[in-house]
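Coordinates as given in upload23.cif (mmCIF, C-alpha atoms and all ligand atoms):
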data_upload
loop_
_atom_site.group_PDB
_atom_site.id
_atom_site.type_symbol
_atom_site.label_atom_id
_atom_site.label_comp_id
_atom_site.auth_asym_id
_atom_site.auth_seq_id
_atom_site.Cartn_x
_atom_site.Cartn_y
_atom_site.Cartn_z
ATOM 1 C CA MET G 207 -176.740 -57.966 -54.739
ATOM 2 C CA GLU G 208 -175.559 -58.868 -58.199
ATOM 3 C CA ARG G 209 -171.784 -59.009 -58.620
ATOM 4 C CA TYR G 210 -169.801 -58.607 -61.841
ATOM 5 C CA ALA G 211 -166.393 -59.608 -63.147
ATOM 6 C CA ILE G 212 -164.553 -59.718 -66.443
ATOM 7 C CA GLY G 213 -163.718 -63.155 -67.867
ATOM 8 C CA ILE G 214 -161.069 -63.521 -70.571
ATOM 9 C CA ASP G 215 -160.435 -66.705 -72.531
ATOM 10 C CA LEU G 216 -157.180 -66.610 -74.454
ATOM 11 C CA GLY G 217 -156.911 -69.222 -77.197
ATOM 12 C CA GLY G 218 -154.548 -69.827 -80.075
ATOM 13 C CA THR G 219 -156.870 -68.126 -82.571
ATOM 14 C CA SER G 220 -159.104 -65.775 -80.595
ATOM 15 C CA VAL G 221 -159.320 -63.751 -77.416
ATOM 16 C CA LYS G 222 -162.831 -63.937 -75.968
ATOM 17 C CA TYR G 223 -163.882 -61.455 -73.334
ATOM 18 C CA ALA G 224 -167.049 -60.877 -71.338
ATOM 19 C CA VAL G 225 -168.648 -59.065 -68.439
ATOM 20 C CA VAL G 226 -170.300 -61.821 -66.393
ATOM 21 C CA ASP G 227 -172.729 -61.572 -63.480
ATOM 22 C CA SER G 228 -172.792 -63.877 -60.462
ATOM 23 C CA CYS G 229 -175.506 -66.061 -62.034
ATOM 24 C CA GLY G 230 -173.221 -66.757 -64.969
ATOM 25 C CA ALA G 231 -175.002 -64.548 -67.508
ATOM 26 C CA PHE G 232 -173.030 -62.593 -70.100
ATOM 27 C CA ARG G 233 -173.891 -58.897 -69.819
ATOM 28 C CA PHE G 234 -171.485 -58.048 -72.584
ATOM 29 C CA GLY G 235 -168.990 -59.963 -74.673
ATOM 30 C CA GLY G 236 -166.902 -60.090 -77.808
ATOM 31 C CA LYS G 237 -163.837 -61.573 -79.402
ATOM 32 C CA LEU G 238 -160.685 -60.477 -81.173
ATOM 33 C CA PRO G 239 -158.067 -62.371 -83.178
ATOM 34 C CA THR G 240 -155.180 -63.502 -80.947
ATOM 35 C CA ASN G 241 -152.470 -62.485 -83.469
ATOM 36 C CA ALA G 242 -150.370 -65.352 -82.105
ATOM 37 C CA SER G 243 -147.910 -65.183 -85.001
ATOM 38 C CA GLU G 244 -147.055 -61.542 -84.223
ATOM 39 C CA GLY G 245 -145.493 -62.302 -80.861
ATOM 40 C CA ALA G 246 -146.307 -62.019 -77.185
ATOM 41 C CA GLN G 247 -146.626 -58.219 -77.056
ATOM 42 C CA SER G 248 -149.217 -58.275 -79.803
ATOM 43 C CA VAL G 249 -151.189 -60.961 -77.928
ATOM 44 C CA MET G 250 -151.021 -58.830 -74.769
ATOM 45 C CA ASP G 251 -152.299 -55.800 -76.733
ATOM 46 C CA GLN G 252 -155.323 -57.820 -77.820
ATOM 47 C CA LEU G 253 -156.017 -58.869 -74.216
ATOM 48 C CA LEU G 254 -155.858 -55.232 -73.125
ATOM 49 C CA ARG G 255 -158.195 -54.219 -75.935
ATOM 50 C CA GLY G 256 -160.750 -56.788 -74.768
ATOM 51 C CA VAL G 257 -160.431 -55.606 -71.162
ATOM 52 C CA ALA G 258 -160.886 -51.964 -72.228
ATOM 53 C CA SER G 259 -164.121 -52.811 -74.107
ATOM 54 C CA CYS G 260 -165.478 -54.557 -71.014
ATOM 55 C CA GLN G 261 -164.544 -51.639 -68.771
ATOM 56 C CA GLU G 262 -166.214 -49.171 -71.141
ATOM 57 C CA PHE G 263 -169.397 -51.219 -71.053
ATOM 58 C CA ALA G 264 -169.306 -51.494 -67.252
ATOM 59 C CA ALA G 265 -168.765 -47.742 -66.903
ATOM 60 C CA CYS G 266 -171.753 -46.988 -69.170
ATOM 61 C CA GLU G 267 -173.961 -49.340 -67.148
ATOM 62 C CA SER G 268 -172.490 -48.231 -63.795
ATOM 63 C CA LEU G 269 -171.527 -51.835 -62.911
ATOM 64 C CA HIS G 270 -168.893 -52.362 -60.243
ATOM 65 C CA LEU G 271 -166.327 -54.933 -61.423
ATOM 66 C CA GLU G 272 -164.768 -57.271 -58.845
ATOM 67 C CA GLY G 273 -161.772 -58.199 -60.972
ATOM 68 C CA ILE G 274 -160.512 -59.830 -64.146
ATOM 69 C CA GLY G 275 -160.031 -63.583 -64.493
ATOM 70 C CA VAL G 276 -157.934 -64.848 -67.394
ATOM 71 C CA GLY G 277 -157.750 -68.362 -68.805
ATOM 72 C CA THR G 278 -154.539 -68.869 -70.761
ATOM 73 C CA PRO G 279 -152.866 -71.814 -72.451
ATOM 74 C CA GLY G 280 -149.824 -73.166 -70.631
ATOM 75 C CA VAL G 281 -148.665 -73.299 -67.032
ATOM 76 C CA VAL G 282 -149.487 -70.389 -64.690
ATOM 77 C CA SER G 283 -147.477 -69.646 -61.528
ATOM 78 C CA PRO G 284 -149.138 -70.793 -58.277
ATOM 79 C CA ASP G 285 -150.031 -67.192 -57.353
ATOM 80 C CA GLY G 286 -152.003 -66.823 -60.603
ATOM 81 C CA ARG G 287 -149.903 -63.919 -61.877
ATOM 82 C CA THR G 288 -147.365 -65.187 -64.409
ATOM 83 C CA VAL G 289 -147.523 -67.490 -67.438
ATOM 84 C CA VAL G 290 -144.507 -69.718 -66.937
ATOM 85 C CA GLY G 291 -144.586 -71.399 -70.357
ATOM 86 C CA GLY G 292 -145.909 -74.466 -72.118
ATOM 87 C CA ALA G 293 -148.428 -72.680 -74.353
ATOM 88 C CA GLU G 294 -147.757 -74.636 -77.524
ATOM 89 C CA ASN G 295 -150.233 -72.702 -79.698
ATOM 90 C CA ILE G 296 -148.828 -69.222 -78.897
ATOM 91 C CA PRO G 297 -145.116 -68.966 -79.717
ATOM 92 C CA GLY G 298 -143.163 -66.876 -77.165
ATOM 93 C CA TRP G 299 -145.988 -66.912 -74.607
ATOM 94 C CA GLU G 300 -143.711 -67.620 -71.624
ATOM 95 C CA HIS G 301 -142.432 -65.621 -68.637
ATOM 96 C CA ILE G 302 -145.367 -63.273 -69.198
ATOM 97 C CA GLU G 303 -146.338 -61.122 -66.226
ATOM 98 C CA LEU G 304 -149.950 -61.267 -67.171
ATOM 99 C CA ALA G 305 -151.529 -60.034 -63.937
ATOM 100 C CA ARG G 306 -149.127 -57.127 -63.448
ATOM 101 C CA SER G 307 -149.573 -55.846 -67.031
ATOM 102 C CA ILE G 308 -153.371 -56.052 -67.002
ATOM 103 C CA GLU G 309 -153.631 -54.564 -63.494
ATOM 104 C CA ALA G 310 -151.466 -51.627 -64.568
ATOM 105 C CA ALA G 311 -153.720 -50.952 -67.568
ATOM 106 C CA SER G 312 -157.091 -51.555 -65.907
ATOM 107 C CA GLY G 313 -156.718 -50.696 -62.216
ATOM 108 C CA LEU G 314 -158.575 -53.936 -61.391
ATOM 109 C CA ARG G 315 -157.384 -57.083 -59.593
ATOM 110 C CA VAL G 316 -156.299 -59.819 -62.007
ATOM 111 C CA ARG G 317 -155.903 -63.560 -61.618
ATOM 112 C CA ALA G 318 -154.896 -66.051 -64.317
ATOM 113 C CA SER G 319 -155.189 -69.812 -64.575
ATOM 114 C CA ASN G 320 -154.859 -72.555 -67.149
ATOM 115 C CA ASP G 321 -157.532 -72.453 -69.871
ATOM 116 C CA ALA G 322 -158.761 -76.046 -69.461
ATOM 117 C CA ASN G 323 -159.065 -75.427 -65.708
ATOM 118 C CA MET G 324 -161.194 -72.371 -66.440
ATOM 119 C CA MET G 325 -163.511 -74.381 -68.683
ATOM 120 C CA ALA G 326 -163.805 -77.025 -65.957
ATOM 121 C CA LEU G 327 -164.623 -74.332 -63.408
ATOM 122 C CA GLY G 328 -167.142 -72.676 -65.754
ATOM 123 C CA GLU G 329 -169.009 -75.947 -66.322
ATOM 124 C CA THR G 330 -168.966 -76.655 -62.576
ATOM 125 C CA LEU G 331 -170.180 -73.223 -61.451
ATOM 126 C CA PHE G 332 -172.670 -72.537 -64.225
ATOM 127 C CA GLY G 333 -173.022 -75.485 -66.626
ATOM 128 C CA ALA G 334 -173.290 -79.257 -66.957
ATOM 129 C CA ALA G 335 -171.788 -80.007 -63.524
ATOM 130 C CA LYS G 336 -173.592 -77.287 -61.576
ATOM 131 C CA GLY G 337 -174.117 -78.445 -58.001
ATOM 132 C CA ALA G 338 -171.488 -81.214 -58.201
ATOM 133 C CA ASP G 339 -168.303 -81.088 -56.081
ATOM 134 C CA ASP G 340 -166.230 -83.804 -57.703
ATOM 135 C CA VAL G 341 -165.908 -83.274 -61.418
ATOM 136 C CA VAL G 342 -163.676 -84.378 -64.267
ATOM 137 C CA PHE G 343 -163.873 -82.100 -67.304
ATOM 138 C CA VAL G 344 -162.442 -83.348 -70.596
ATOM 139 C CA THR G 345 -162.216 -81.308 -73.774
ATOM 140 C CA VAL G 346 -161.665 -83.197 -77.009
ATOM 141 C CA GLY G 347 -160.299 -81.154 -79.903
ATOM 142 C CA THR G 348 -156.928 -80.820 -81.632
ATOM 143 C CA GLY G 349 -155.588 -82.183 -78.343
ATOM 144 C CA ILE G 350 -157.191 -83.422 -75.140
ATOM 145 C CA GLY G 351 -157.421 -81.011 -72.225
ATOM 146 C CA CYS G 352 -158.655 -81.681 -68.739
ATOM 147 C CA GLY G 353 -159.581 -80.059 -65.454
ATOM 148 C CA VAL G 354 -160.500 -81.752 -62.177
ATOM 149 C CA LEU G 355 -162.442 -80.411 -59.197
ATOM 150 C CA ILE G 356 -162.183 -82.186 -55.873
ATOM 151 C CA GLY G 357 -164.560 -81.069 -53.148
ATOM 152 C CA GLY G 358 -165.546 -78.069 -55.278
ATOM 153 C CA ARG G 359 -161.971 -76.855 -55.723
ATOM 154 C CA LEU G 360 -159.714 -77.148 -58.730
ATOM 155 C CA TYR G 361 -156.998 -79.737 -58.269
ATOM 156 C CA ARG G 362 -153.829 -78.419 -59.889
ATOM 157 C CA GLY G 363 -150.958 -80.602 -58.753
ATOM 158 C CA TYR G 364 -147.805 -79.155 -57.251
ATOM 159 C CA ARG G 365 -147.072 -75.791 -58.880
ATOM 160 C CA ASP G 366 -149.885 -76.303 -61.351
ATOM 161 C CA ARG G 367 -148.028 -78.949 -63.296
ATOM 162 C CA GLY G 368 -150.531 -81.788 -63.362
ATOM 163 C CA MET G 369 -153.765 -82.861 -64.994
ATOM 164 C CA GLU G 370 -152.308 -83.786 -68.366
ATOM 165 C CA MET G 371 -154.956 -86.373 -69.099
ATOM 166 C CA GLY G 372 -154.101 -86.214 -72.808
ATOM 167 C CA HIS G 373 -150.791 -87.832 -71.971
ATOM 168 C CA ILE G 374 -151.858 -90.844 -69.995
ATOM 169 C CA THR G 375 -150.823 -93.993 -71.847
ATOM 170 C CA VAL G 376 -153.441 -96.015 -73.684
ATOM 171 C CA ARG G 377 -150.967 -98.116 -75.714
ATOM 172 C CA SER G 378 -147.594 -99.044 -74.328
ATOM 173 C CA ASP G 379 -146.610 -100.171 -77.848
ATOM 174 C CA GLY G 380 -148.062 -97.012 -79.366
ATOM 175 C CA GLU G 381 -146.782 -94.304 -81.658
ATOM 176 C CA ARG G 382 -144.573 -91.497 -80.449
ATOM 177 C CA CYS G 383 -146.314 -88.430 -79.025
ATOM 178 C CA ALA G 384 -145.147 -84.812 -79.192
ATOM 179 C CA CYS G 385 -144.606 -84.941 -75.395
ATOM 180 C CA GLY G 386 -141.781 -87.462 -75.788
ATOM 181 C CA SER G 387 -143.640 -90.556 -74.597
ATOM 182 C CA VAL G 388 -145.511 -93.155 -76.653
ATOM 183 C CA GLY G 389 -149.138 -94.231 -76.965
ATOM 184 C CA CYS G 390 -150.697 -91.139 -75.349
ATOM 185 C CA LEU G 391 -154.474 -90.773 -75.174
ATOM 186 C CA GLU G 392 -154.304 -87.511 -77.119
ATOM 187 C CA HIS G 393 -152.501 -89.184 -79.984
ATOM 188 C CA TYR G 394 -155.328 -91.735 -80.335
ATOM 189 C CA ALA G 395 -158.507 -90.033 -79.134
ATOM 190 C CA SER G 396 -158.285 -86.351 -80.124
ATOM 191 C CA THR G 397 -160.334 -85.056 -83.039
ATOM 192 C CA SER G 398 -157.098 -84.737 -85.052
ATOM 193 C CA ALA G 399 -156.453 -88.435 -84.384
ATOM 194 C CA LEU G 400 -159.977 -89.331 -85.490
ATOM 195 C CA VAL G 401 -159.528 -87.481 -88.776
ATOM 196 C CA ARG G 402 -156.047 -88.958 -89.330
ATOM 197 C CA ARG G 403 -157.322 -92.490 -88.715
ATOM 198 C CA PHE G 404 -160.339 -91.985 -90.969
ATOM 199 C CA ARG G 405 -158.101 -90.872 -93.828
ATOM 200 C CA GLU G 406 -155.776 -93.804 -93.276
ATOM 201 C CA LEU G 407 -158.652 -96.305 -93.371
ATOM 202 C CA ALA G 408 -160.335 -94.643 -96.334
ATOM 203 C CA GLY G 409 -157.052 -94.776 -98.233
ATOM 204 C CA ASP G 410 -157.906 -91.208 -99.034
ATOM 205 C CA GLY G 411 -155.287 -89.870 -101.428
ATOM 206 C CA ASN G 412 -157.003 -86.599 -102.152
ATOM 207 C CA GLU G 413 -156.104 -83.479 -100.241
ATOM 208 C CA ALA G 414 -159.633 -82.315 -99.433
ATOM 209 C CA GLU G 415 -159.947 -80.886 -95.953
ATOM 210 C CA VAL G 416 -161.698 -83.303 -93.591
ATOM 211 C CA ASP G 417 -162.755 -82.410 -90.061
ATOM 212 C CA GLY G 418 -164.436 -84.187 -87.160
ATOM 213 C CA LYS G 419 -167.897 -83.168 -88.391
ATOM 214 C CA ASP G 420 -167.224 -84.817 -91.766
ATOM 215 C CA VAL G 421 -166.233 -88.073 -90.073
ATOM 216 C CA VAL G 422 -169.409 -87.976 -87.974
ATOM 217 C CA PHE G 423 -171.454 -87.306 -91.116
ATOM 218 C CA CYS G 424 -169.832 -90.285 -92.899
ATOM 219 C CA TYR G 425 -170.454 -92.448 -89.805
ATOM 220 C CA ARG G 426 -174.154 -91.658 -90.001
ATOM 221 C CA GLU G 427 -174.079 -92.564 -93.704
ATOM 222 C CA GLY G 428 -172.520 -95.910 -92.772
ATOM 223 C CA VAL G 429 -169.168 -95.343 -94.505
ATOM 224 C CA PRO G 430 -167.035 -98.251 -93.172
ATOM 225 C CA ALA G 431 -163.860 -96.187 -92.633
ATOM 226 C CA ALA G 432 -165.802 -93.651 -90.562
ATOM 227 C CA VAL G 433 -167.555 -96.361 -88.555
ATOM 228 C CA GLN G 434 -164.255 -98.015 -87.687
ATOM 229 C CA ALA G 435 -162.434 -94.719 -86.980
ATOM 230 C CA LEU G 436 -165.178 -93.501 -84.656
ATOM 231 C CA GLU G 437 -165.422 -96.838 -82.857
ATOM 232 C CA GLU G 438 -161.684 -96.766 -82.218
ATOM 233 C CA HIS G 439 -162.020 -93.145 -81.045
ATOM 234 C CA TRP G 440 -164.722 -94.079 -78.532
ATOM 235 C CA ASP G 441 -162.722 -97.025 -77.332
ATOM 236 C CA TYR G 442 -159.554 -95.034 -76.628
ATOM 237 C CA LEU G 443 -161.444 -92.112 -75.108
ATOM 238 C CA ALA G 444 -163.405 -94.526 -72.914
ATOM 239 C CA HIS G 445 -160.156 -96.042 -71.623
ATOM 240 C CA GLY G 446 -158.925 -92.552 -70.725
ATOM 241 C CA ILE G 447 -162.188 -91.607 -69.002
ATOM 242 C CA ALA G 448 -162.375 -94.945 -67.172
ATOM 243 C CA SER G 449 -158.869 -94.346 -65.801
ATOM 244 C CA MET G 450 -159.946 -90.919 -64.510
ATOM 245 C CA ILE G 451 -163.063 -92.472 -62.937
ATOM 246 C CA ASN G 452 -160.963 -95.138 -61.205
ATOM 247 C CA LEU G 453 -158.736 -92.395 -59.772
ATOM 248 C CA PHE G 454 -161.244 -89.703 -58.836
ATOM 249 C CA ALA G 455 -164.718 -91.327 -58.673
ATOM 250 C CA PRO G 456 -166.323 -88.074 -59.855
ATOM 251 C CA GLN G 457 -170.042 -87.320 -59.732
ATOM 252 C CA LYS G 458 -169.828 -85.983 -63.274
ATOM 253 C CA VAL G 459 -167.519 -86.409 -66.211
ATOM 254 C CA VAL G 460 -168.216 -83.453 -68.507
ATOM 255 C CA VAL G 461 -167.076 -83.925 -72.097
ATOM 256 C CA GLY G 462 -166.618 -80.790 -74.220
ATOM 257 C CA GLY G 463 -165.053 -79.809 -77.539
ATOM 258 C CA GLY G 464 -166.680 -79.720 -80.994
ATOM 259 C CA ILE G 465 -167.037 -83.504 -81.285
ATOM 260 C CA SER G 466 -169.141 -83.615 -78.099
ATOM 261 C CA GLU G 467 -171.863 -81.776 -80.014
ATOM 262 C CA ALA G 468 -172.284 -84.754 -82.383
ATOM 263 C CA GLY G 469 -175.430 -85.873 -80.563
ATOM 264 C CA ASP G 470 -176.847 -88.470 -78.196
ATOM 265 C CA PHE G 471 -175.477 -91.418 -80.174
ATOM 266 C CA TYR G 472 -171.948 -90.166 -79.453
ATOM 267 C CA PHE G 473 -172.559 -90.205 -75.693
ATOM 268 C CA GLU G 474 -174.413 -93.502 -75.713
ATOM 269 C CA ALA G 475 -171.499 -95.188 -77.477
ATOM 270 C CA LEU G 476 -169.006 -93.579 -75.120
ATOM 271 C CA ARG G 477 -170.962 -94.418 -71.943
ATOM 272 C CA SER G 478 -171.396 -98.088 -72.800
ATOM 273 C CA ARG G 479 -167.639 -98.458 -73.306
ATOM 274 C CA VAL G 480 -166.721 -96.535 -70.144
ATOM 275 C CA GLU G 481 -169.077 -98.804 -68.230
ATOM 276 C CA ARG G 482 -167.152 -101.782 -69.541
ATOM 277 C CA TYR G 483 -163.714 -100.392 -68.597
ATOM 278 C CA ALA G 484 -164.219 -98.476 -65.335
ATOM 279 C CA MET G 485 -164.269 -100.363 -62.042
ATOM 280 C CA PRO G 486 -167.948 -100.657 -61.091
ATOM 281 C CA VAL G 487 -167.280 -99.553 -57.512
ATOM 282 C CA CYS G 488 -165.573 -96.356 -58.703
ATOM 283 C CA GLY G 489 -168.040 -95.418 -61.425
ATOM 284 C CA SER G 490 -171.320 -96.355 -59.787
ATOM 285 C CA HIS G 491 -172.188 -92.700 -59.047
ATOM 286 C CA THR G 492 -170.620 -91.161 -62.153
ATOM 287 C CA GLN G 493 -172.634 -89.566 -64.918
ATOM 288 C CA ILE G 494 -170.996 -88.804 -68.275
ATOM 289 C CA VAL G 495 -172.589 -85.678 -69.714
ATOM 290 C CA PRO G 496 -172.013 -83.244 -72.586
ATOM 291 C CA ALA G 497 -170.637 -79.794 -71.773
ATOM 292 C CA GLU G 498 -173.357 -77.135 -71.806
ATOM 293 C CA LEU G 499 -171.521 -73.866 -72.125
ATOM 294 C CA GLY G 500 -169.687 -74.416 -75.421
ATOM 295 C CA ASN G 501 -167.313 -71.570 -76.267
ATOM 296 C CA SER G 502 -168.441 -69.548 -73.257
ATOM 297 C CA ALA G 503 -167.104 -71.972 -70.625
ATOM 298 C CA GLY G 504 -163.629 -70.401 -70.470
ATOM 299 C CA CYS G 505 -164.850 -66.824 -69.939
ATOM 300 C CA LEU G 506 -167.421 -67.949 -67.378
ATOM 301 C CA GLY G 507 -164.879 -69.936 -65.373
ATOM 302 C CA ALA G 508 -162.356 -67.086 -65.479
ATOM 303 C CA ALA G 509 -164.951 -64.588 -64.223
ATOM 304 C CA GLY G 510 -165.905 -67.198 -61.627
ATOM 305 C CA LEU G 511 -162.483 -66.703 -60.006
ATOM 306 C CA PHE G 512 -163.841 -63.383 -58.721
ATOM 307 C CA LEU G 513 -167.535 -64.249 -58.424
ATOM 308 C CA HIS G 514 -167.154 -67.372 -56.273
ATOM 309 C CA GLU G 515 -165.040 -68.051 -53.195
ATOM 310 C CA ASN G 516 -162.741 -71.028 -52.733
ATOM 311 C CA THR G 517 -162.460 -72.151 -56.330
ATOM 312 C CA GLY G 518 -158.980 -73.436 -55.629
ATOM 313 C CA ALA G 519 -157.518 -71.591 -58.626
HETATM 314 ZN ZN ZN A 1 -147.949 -87.436 -74.857
#
The structure given in the file should be rewritten as structure tokens.
Ligand SMILES: [Zn+2]
Amino acid sequence: MERYAIGIDLGGTSVKYAVVDSCGAFRFGGKLPTNASEGAQSVMDQLLRGVASCQEFAACESLHLEGIGVGTPGVVSPDGRTVVGGAENIPGWEHIELARSIEAASGLRVRASNDANMMALGETLFGAAKGADDVVFVTVGTGIGCGVLIGGRLYRGYRDRGMEMGHITVRSDGERCACGSVGCLEHYASTSALVRRFRELAGDGNEAEVDGKDVVFCYREGVPAAVQALEEHWDYLAHGIASMINLFAPQKVVVGGGISEAGDFYFEALRSRVERYAMPVCGSHTQIVPAELGNSAGCLGAAGLFLHENTGA
């Protein structure tokens, strides 16, 4: 029998919500602005609005909902009920009793987890790592997020504090990172870093907005600054991925985020470098693959908390 759950993906700019079935298909979905600048209560109101839309849809279709999974930025308490803090893109999003508030409004069971973990779970249950048990998921965007599954279960570290792949060191003599350390992977291999480096190399004085897509476009046109910036990006990212392979020997490394949609050439360049840096014995069974679920991964993983047993979240 088909089962259904609500999946919510809370991000710094939008709240995505969906009714998902046990095969990972969206039966209904939508998104709302997060209203992050208006404070935590306003963000909560948006979450509740998304939940209410899903419940209305389910009632119309007579679907029984198993529960509501929520992916949120920051650290979630081990019982999956409270956002402890650490959500840098939503000011004031700390000590939030997420599960209690949503349960009170919806009458359904609620469980929350970290957003990158939910993307990792989504890709493992329904996407690029379907069928694999040992998975490293990396998302490359403004920062670098990560989720790891060991034996089919999310690995979270004690009290959910671990898996900060963006802050492993790739240069001990590197620049200072927002986390307080120096030379972090995120500071050198995120899309923001790629854009910053491209502008530096291009000696670009003008204030035109440049994003990762523009750098990729210039790379394809053979613009030297873009070629060098992207090669450095691959090199740093490959060091980070090789370190994860040496630690976890995953079957799949799934790479997501906008830049991962650049095309095959992006993955070929990345794979050849990872091959050079990872220990052959650790990486011999590892495939590096693009994420398949795009923006839906978070909602799918969150719903997966109620559609699949033993996810470890
Ligand atoms: Zn750092």
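Each of G:Gly217, G:Gly489, G:Gly275, G:Gly333 was compared to Met450 in chain G using all atoms listed in the file, and G:Gly489 turns out to be the nearest.
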message: Need to verify the contact set: Ile214 in chain G, 9 Å, only C-alpha atoms, exclusion of same-chain residues closer than 6 positions in sequence. Can you return it as a ChimeraX atom specification?
response: /G:221-224,253,256-257,274-278,504-506,508-509
For the residues in that selection, give me C-alpha atoms as a PDB file, keeping the file's coordinate frame.
ATOM      1  CA  VAL G 221    -159.320 -63.751 -77.416  1.00  0.00           C
ATOM      2  CA  LYS G 222    -162.831 -63.937 -75.968  1.00  0.00           C
ATOM      3  CA  TYR G 223    -163.882 -61.455 -73.334  1.00  0.00           C
ATOM      4  CA  ALA G 224    -167.049 -60.877 -71.338  1.00  0.00           C
ATOM      5  CA  LEU G 253    -156.017 -58.869 -74.216  1.00  0.00           C
ATOM      6  CA  GLY G 256    -160.750 -56.788 -74.768  1.00  0.00           C
ATOM      7  CA  VAL G 257    -160.431 -55.606 -71.162  1.00  0.00           C
ATOM      8  CA  ILE G 274    -160.512 -59.830 -64.146  1.00  0.00           C
ATOM      9  CA  GLY G 275    -160.031 -63.583 -64.493  1.00  0.00           C
ATOM     10  CA  VAL G 276    -157.934 -64.848 -67.394  1.00  0.00           C
ATOM     11  CA  GLY G 277    -157.750 -68.362 -68.805  1.00  0.00           C
ATOM     12  CA  THR G 278    -154.539 -68.869 -70.761  1.00  0.00           C
ATOM     13  CA  GLY G 504    -163.629 -70.401 -70.470  1.00  0.00           C
ATOM     14  CA  CYS G 505    -164.850 -66.824 -69.939  1.00  0.00           C
ATOM     15  CA  LEU G 506    -167.421 -67.949 -67.378  1.00  0.00           C
ATOM     16  CA  ALA G 508    -162.356 -67.086 -65.479  1.00  0.00           C
ATOM     17  CA  ALA G 509    -164.951 -64.588 -64.223  1.00  0.00           C
TER      18      ALA G 509
END
query: Taking only C-alpha atoms and all ligand atoms into account, which residues are within 12 Å of ligand ZN 1 (chain A), as an MDAnalysis selection string?
result: chainID G and resid 349:351 370:378 380:396
query: What does the distance from CA of Ser466 in chain G to CA of Asn516 in chain G come to in Å, to one decimal?
result: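 A separation of 29.0 Å between them.
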task: Return as an NGL selection string the set of residues that the PyMOL selection byres (((chain G and resi 231) around 12) and not hetatm) yields on the displayed structure.
output: :G and (208-213 or 224-230 or 232-235 or 328 or 331-333 or 499 or 502-503 or 505-507 or 509-510 or 513)
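Those DNA, RNA and protein residues that approach the point (-167.7, -93.2, -82.4) to within 8 Å, considering only C-alpha atoms, are Val422, Tyr425, Val433, Gln434, Ala435, Leu436, Glu437, Glu438, His439, Trp440, Tyr472, Ala475 and Leu476 of chain G.
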- request: Given the file shown, enumerate the residues that the PyMOL selection byres (((chain G and resi 338) around 12) and not hetatm) captures and present them as a PyMOL selection string.
  value: chain G and resi 326-327+329-337+339-343+354-359+456-460+491-493
field: Residue neighbourhood His301 in chain G, 8 Å, all atoms listed in the file, exclusion window fewer than 5 positions, as an MDAnalysis selection string
entry: chainID G and resid 288:291
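Comparing the minimum interatomic distances between Gly469 in chain G and each of G:Gly347, G:Gly518, G:Gly292, G:Pro496, counting all atoms listed in the file, we find that G:Pro496 sits nearest.
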- prompt: Restricting the calculation to only C-alpha atoms, which member of G:His270, G:Pro279, G:Cys260, G:Asn295 is positioned closest to Ala242 in chain G?
  reply: G:Asn295
